[in-house]
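What follows is the content of coords07.pdb, which has PDB, C-alpha atoms:
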```pdb
ATOM      1  CA  MET Y  25     -13.145  -5.721  -8.883  1.00  0.00           C
ATOM      2  CA  SER Y  26     -10.269  -7.606 -10.517  1.00  0.00           C
ATOM      3  CA  LYS Y  27      -7.660  -6.041 -12.798  1.00  0.00           C
ATOM      4  CA  PHE Y  28      -9.076  -8.077 -15.680  1.00  0.00           C
ATOM      5  CA  ALA Y  29     -12.578  -6.749 -14.949  1.00  0.00           C
ATOM      6  CA  ILE Y  30     -11.289  -3.153 -14.855  1.00  0.00           C
ATOM      7  CA  ARG Y  31      -9.603  -3.643 -18.251  1.00  0.00           C
ATOM      8  CA  ALA Y  32     -12.832  -5.088 -19.700  1.00  0.00           C
ATOM      9  CA  LEU Y  33     -14.870  -2.212 -18.244  1.00  0.00           C
ATOM     10  CA  CYS Y  34     -12.489   0.338 -19.796  1.00  0.00           C
ATOM     11  CA  GLU Y  35     -12.709  -1.345 -23.200  1.00  0.00           C
ATOM     12  CA  SER Y  36     -16.495  -1.479 -23.009  1.00  0.00           C
ATOM     13  CA  LEU Y  37     -16.810   2.157 -21.930  1.00  0.00           C
ATOM     14  CA  SER Y  38     -14.362   3.199 -24.631  1.00  0.00           C
ATOM     15  CA  GLN Y  39     -16.555   1.644 -27.319  1.00  0.00           C
ATOM     16  CA  GLU Y  40     -19.788   3.026 -25.882  1.00  0.00           C
ATOM     17  CA  LEU Y  41     -18.520   6.568 -25.340  1.00  0.00           C
ATOM     18  CA  ALA Y  42     -16.396   7.023 -28.476  1.00  0.00           C
ATOM     19  CA  PRO Y  43     -19.347   8.265 -30.597  1.00  0.00           C
ATOM     20  CA  HIS Y  44     -19.776  11.080 -28.055  1.00  0.00           C
ATOM     21  CA  GLY Y  45     -16.127  12.162 -28.266  1.00  0.00           C
ATOM     22  CA  VAL Y  46     -15.253  10.684 -24.872  1.00  0.00           C
ATOM     23  CA  SER Y  47     -12.068   8.644 -24.521  1.00  0.00           C
ATOM     24  CA  VAL Y  48     -11.241   6.177 -21.748  1.00  0.00           C
ATOM     25  CA  THR Y  49      -7.678   5.550 -20.631  1.00  0.00           C
ATOM     26  CA  HIS Y  50      -6.876   2.381 -18.688  1.00  0.00           C
ATOM     27  CA  ILE Y  51      -3.974   3.131 -16.331  1.00  0.00           C
ATOM     28  CA  CYS Y  52      -1.661   0.361 -15.073  1.00  0.00           C
ATOM     29  CA  PRO Y  53       0.440   2.223 -12.504  1.00  0.00           C
ATOM     30  CA  GLY Y  54       2.521  -0.556 -10.998  1.00  0.00           C
ATOM     31  CA  TYR Y  55       4.065   0.217  -7.608  1.00  0.00           C
ATOM     32  CA  VAL Y  56       3.931   3.902  -6.759  1.00  0.00           C
ATOM     33  CA  ALA Y  57       6.052   5.263  -3.894  1.00  0.00           C
ATOM     34  CA  THR Y  58       3.335   6.281  -1.449  1.00  0.00           C
ATOM     35  CA  GLU Y  59       2.392   5.403   2.117  1.00  0.00           C
ATOM     36  CA  ILE Y  60      -0.618   3.330   1.046  1.00  0.00           C
ATOM     37  CA  ARG Y  61       1.065   0.064   1.995  1.00  0.00           C
ATOM     38  CA  GLN Y  62       1.311   1.378   5.548  1.00  0.00           C
ATOM     39  CA  LEU Y  63      -2.482   1.564   5.889  1.00  0.00           C
ATOM     40  CA  ASP Y  64      -4.481  -1.326   7.298  1.00  0.00           C
ATOM     41  CA  ASN Y  65      -7.985  -2.315   6.177  1.00  0.00           C
ATOM     42  CA  GLN Y  66      -9.531   0.247   8.529  1.00  0.00           C
ATOM     43  CA  GLY Y  67      -7.468   3.102   7.098  1.00  0.00           C
ATOM     44  CA  ILE Y  68      -5.172   3.344  10.110  1.00  0.00           C
ATOM     45  CA  TRP Y  69      -1.609   4.356   9.271  1.00  0.00           C
ATOM     46  CA  HIS Y  70       1.232   2.325  10.791  1.00  0.00           C
ATOM     47  CA  SER Y  71       4.512   4.236  10.655  1.00  0.00           C
ATOM     48  CA  ASP Y  72       6.437   1.140  11.763  1.00  0.00           C
ATOM     49  CA  TRP Y  73       5.306  -1.010   8.802  1.00  0.00           C
ATOM     50  CA  GLN Y  74       8.052  -1.489   6.245  1.00  0.00           C
ATOM     51  CA  ASP Y  75       7.178  -1.314   2.554  1.00  0.00           C
ATOM     52  CA  PRO Y  76       7.432  -4.896   1.227  1.00  0.00           C
ATOM     53  CA  ILE Y  77       8.110  -3.643  -2.311  1.00  0.00           C
ATOM     54  CA  SER Y  78      11.710  -3.279  -3.441  1.00  0.00           C
ATOM     55  CA  PRO Y  79      12.649   0.394  -3.969  1.00  0.00           C
ATOM     56  CA  ARG Y  80      13.928  -0.590  -7.429  1.00  0.00           C
ATOM     57  CA  LEU Y  81      10.328  -1.349  -8.445  1.00  0.00           C
ATOM     58  CA  LEU Y  82       8.861   1.910  -7.140  1.00  0.00           C
ATOM     59  CA  ILE Y  83       8.091   4.979  -9.221  1.00  0.00           C
ATOM     60  CA  SER Y  84       7.453   8.373  -7.658  1.00  0.00           C
ATOM     61  CA  ALA Y  85       3.930   9.737  -7.398  1.00  0.00           C
ATOM     62  CA  ASP Y  86       5.067  12.808  -9.364  1.00  0.00           C
ATOM     63  CA  GLN Y  87       6.413  10.726 -12.278  1.00  0.00           C
ATOM     64  CA  THR Y  88       3.269   8.600 -12.225  1.00  0.00           C
ATOM     65  CA  ALA Y  89       0.978  11.647 -12.307  1.00  0.00           C
ATOM     66  CA  LYS Y  90       2.895  13.178 -15.227  1.00  0.00           C
ATOM     67  CA  GLN Y  91       2.620   9.965 -17.259  1.00  0.00           C
ATOM     68  CA  ILE Y  92      -1.092   9.648 -16.476  1.00  0.00           C
ATOM     69  CA  VAL Y  93      -1.809  13.243 -17.578  1.00  0.00           C
ATOM     70  CA  LYS Y  94       0.232  12.699 -20.750  1.00  0.00           C
ATOM     71  CA  ALA Y  95      -1.646   9.473 -21.575  1.00  0.00           C
ATOM     72  CA  ILE Y  96      -5.033  11.109 -21.042  1.00  0.00           C
ATOM     73  CA  SER Y  97      -4.121  14.154 -23.122  1.00  0.00           C
ATOM     74  CA  ARG Y  98      -3.019  11.834 -25.938  1.00  0.00           C
ATOM     75  CA  ARG Y  99      -6.274   9.863 -25.559  1.00  0.00           C
ATOM     76  CA  GLN Y 100      -4.360   6.592 -25.225  1.00  0.00           C
ATOM     77  CA  ARG Y 101      -6.437   3.500 -24.583  1.00  0.00           C
ATOM     78  CA  GLU Y 102      -3.937   2.097 -22.088  1.00  0.00           C
ATOM     79  CA  GLN Y 103      -0.843   3.319 -20.283  1.00  0.00           C
ATOM     80  CA  VAL Y 104       1.513   1.029 -18.394  1.00  0.00           C
ATOM     81  CA  ILE Y 105       3.574   3.301 -16.156  1.00  0.00           C
ATOM     82  CA  THR Y 106       6.595   1.305 -14.947  1.00  0.00           C
ATOM     83  CA  ASN Y 107       9.359  -0.185 -17.093  1.00  0.00           C
ATOM     84  CA  TYR Y 108       9.013  -3.603 -15.471  1.00  0.00           C
ATOM     85  CA  GLY Y 109       5.270  -3.442 -16.169  1.00  0.00           C
ATOM     86  CA  LYS Y 110       5.955  -2.692 -19.835  1.00  0.00           C
ATOM     87  CA  LEU Y 111       8.328  -5.664 -19.953  1.00  0.00           C
ATOM     88  CA  ILE Y 112       5.685  -7.956 -18.435  1.00  0.00           C
ATOM     89  CA  VAL Y 113       3.084  -6.769 -20.966  1.00  0.00           C
ATOM     90  CA  LEU Y 114       5.551  -7.402 -23.810  1.00  0.00           C
ATOM     91  CA  ILE Y 115       6.308 -10.922 -22.562  1.00  0.00           C
ATOM     92  CA  LYS Y 116       2.609 -11.676 -21.954  1.00  0.00           C
ATOM     93  CA  ARG Y 117       1.614 -10.577 -25.459  1.00  0.00           C
ATOM     94  CA  HIS Y 118       4.446 -12.186 -27.407  1.00  0.00           C
ATOM     95  CA  MET Y 119       5.693 -15.035 -25.219  1.00  0.00           C
ATOM     96  CA  PRO Y 120       2.914 -16.044 -22.803  1.00  0.00           C
ATOM     97  CA  TRP Y 121       4.582 -19.408 -22.224  1.00  0.00           C
ATOM     98  CA  LEU Y 122       7.660 -17.606 -20.853  1.00  0.00           C
ATOM     99  CA  LEU Y 123       5.607 -15.613 -18.369  1.00  0.00           C
ATOM    100  CA  SER Y 124       3.907 -18.808 -17.137  1.00  0.00           C
ATOM    101  CA  TRP Y 125       7.291 -20.494 -16.777  1.00  0.00           C
ATOM    102  CA  LEU Y 126       8.782 -17.544 -14.866  1.00  0.00           C
ATOM    103  CA  ILE Y 127       5.810 -17.437 -12.481  1.00  0.00           C
ATOM    104  CA  SER Y 128       6.095 -21.154 -11.709  1.00  0.00           C
ATOM    105  CA  LYS Y 129       9.913 -21.268 -11.655  1.00  0.00           C
ATOM    106  CA  PHE Y 130      10.302 -18.390  -9.214  1.00  0.00           C
ATOM    107  CA  GLN Y 131       7.025 -19.033  -7.365  1.00  0.00           C
ATOM    108  CA  ILE Y 132       5.842 -15.497  -8.026  1.00  0.00           C
ATOM    109  CA  LYS Y 133       2.564 -14.539  -6.383  1.00  0.00           C
ATOM    110  CA  VAL Y 134       0.173 -13.322  -9.050  1.00  0.00           C
ATOM    111  CA  ALA Y 135      -2.284 -11.929  -6.500  1.00  0.00           C
ATOM    112  CA  ALA Y 136      -1.739 -10.884  -2.913  1.00  0.00           C
ATOM    113  CA  LYS Y 137      -3.993 -12.283  -0.234  1.00  0.00           C
ATOM    114  CA  PRO Y 138      -6.168  -9.544   1.271  1.00  0.00           C
ATOM    115  CA  SER Y 139      -5.427  -8.654   4.884  1.00  0.00           C
ATOM    116  CA  PRO Y 140      -8.049  -9.899   7.329  1.00  0.00           C
ATOM    117  CA  ILE Y 141     -10.528  -7.274   8.414  1.00  0.00           C
ATOM    118  CA  LYS Y 142     -10.387  -6.658  12.160  1.00  0.00           C
ATOM    119  CA  HIS Y 143     -13.611  -5.845  13.958  1.00  0.00           C
TER     120      HIS Y 143
END
```

Write-out of the structure in structure tokens:
Amino acid sequence: MSKFAIRALCESLSQELAPHGVSVTHICPGYVATEIRQLDNQGIWHSDWQDPISPRLLISADQTAKQIVKAISRRQREQVITNYGKLIVLIKRHMPWLLSWLISKFQIKVAAKPSPIKH
């Protein structure tokens, strides 16, 4: 399911469940410092794989968990965890043309290609 589809599902569920006192929080975690990028499509861990994400963009799992719990307890509709993620949301909402220009200028990948599944 795409990120856009997840956001739409959260919004839909939020509307449907609100009359019953249930809140839905859409979490946008960004890059969390875990070993998940060292797992292949079969769930096999590769200790020799280097994390392709810059350490400056990573947030610890502990910090992420604390922000998620805080957002849920405050019944927030959405929580963007990382500072760079918050900046991207700000640019997208108020200057979408700038985000498009940055993506094309710096040839930023907007979606990673999935790894081939080995049989």

For this session: Name the residues, using the chain letters and numbers of the file, that sit within 10 Å of (-11.8, 0.7, -17.1) when counting all atoms listed in the file, and give them as a VMD selection string.
Result: chain Y and resid 27 to 38 48 to 51 101 to 102

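Going from CA of Val104 (chain Y) over to CA of Thr88 (chain Y), you cover 9.9 Å.
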
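Distance-wise, CA of Gln103 (chain Y) and CA of Ser47 (chain Y) end up 13.1 Å apart.
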
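For the pair CA of Ile68 (chain Y) and CA of Ile105 (chain Y), the interatomic distance is 27.7 Å.
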
Seminar exercise, completed: Nearest to Asn107 (chain Y), restricted to only C-alpha atoms and choosing among Y:Pro79, Y:Leu122, Y:Lys129, Y:Pro53, comes out as Y:Pro53

Name every residue that the PyMOL selection byres ((chain Y and resi 73) around 12) selects in this structure, writing the answer as an mmCIF file with C-alpha atoms, in the frame of the given file with chains first and numbers rising.
```
data_model
loop_
_atom_site.group_PDB
_atom_site.id
_atom_site.type_symbol
_atom_site.label_atom_id
_atom_site.label_comp_id
_atom_site.auth_asym_id
_atom_site.auth_seq_id
_atom_site.Cartn_x
_atom_site.Cartn_y
_atom_site.Cartn_z
ATOM 1 C CA GLU Y 59 2.392 5.403 2.117
ATOM 2 C CA ILE Y 60 -0.618 3.330 1.046
ATOM 3 C CA ARG Y 61 1.065 0.064 1.995
ATOM 4 C CA GLN Y 62 1.311 1.378 5.548
ATOM 5 C CA LEU Y 63 -2.482 1.564 5.889
ATOM 6 C CA ASP Y 64 -4.481 -1.326 7.298
ATOM 7 C CA ILE Y 68 -5.172 3.344 10.110
ATOM 8 C CA TRP Y 69 -1.609 4.356 9.271
ATOM 9 C CA HIS Y 70 1.232 2.325 10.791
ATOM 10 C CA SER Y 71 4.512 4.236 10.655
ATOM 11 C CA ASP Y 72 6.437 1.140 11.763
ATOM 12 C CA GLN Y 74 8.052 -1.489 6.245
ATOM 13 C CA ASP Y 75 7.178 -1.314 2.554
ATOM 14 C CA PRO Y 76 7.432 -4.896 1.227
ATOM 15 C CA ILE Y 77 8.110 -3.643 -2.311
#
```

Where's the centre, and what are the edge lengths in Å to one decimal, of a box along x, y and z enclosing all listed atoms of region 63-72 of chain Y padded 6 Å per side, as lines of an AutoDock Vina configuration file?
```
center_x = -1.5
center_y = 1.0
center_z = 8.8
size_x = 28.0
size_y = 18.7
size_z = 17.9
```

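Of the listed residues (Y:Leu126, Y:Lys94, Y:Gly54, Y:Leu82), Y:Gly54 comes nearest to Lys110 (chain Y); the distances count only C-alpha atoms.
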
For this session: For the structure shown, which residues end up in the PyMOL selection byres ((chain Y and resi 85) around 7)? Put them as an MDAnalysis selection string, please?
Result: chainID Y and resid 56:58 83:84 86:89

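Closest to Ser78 (chain Y) among Y:Asn65, Y:Leu114, Y:Tyr55, Y:Ser97 is Y:Tyr55, based on only C-alpha atoms.
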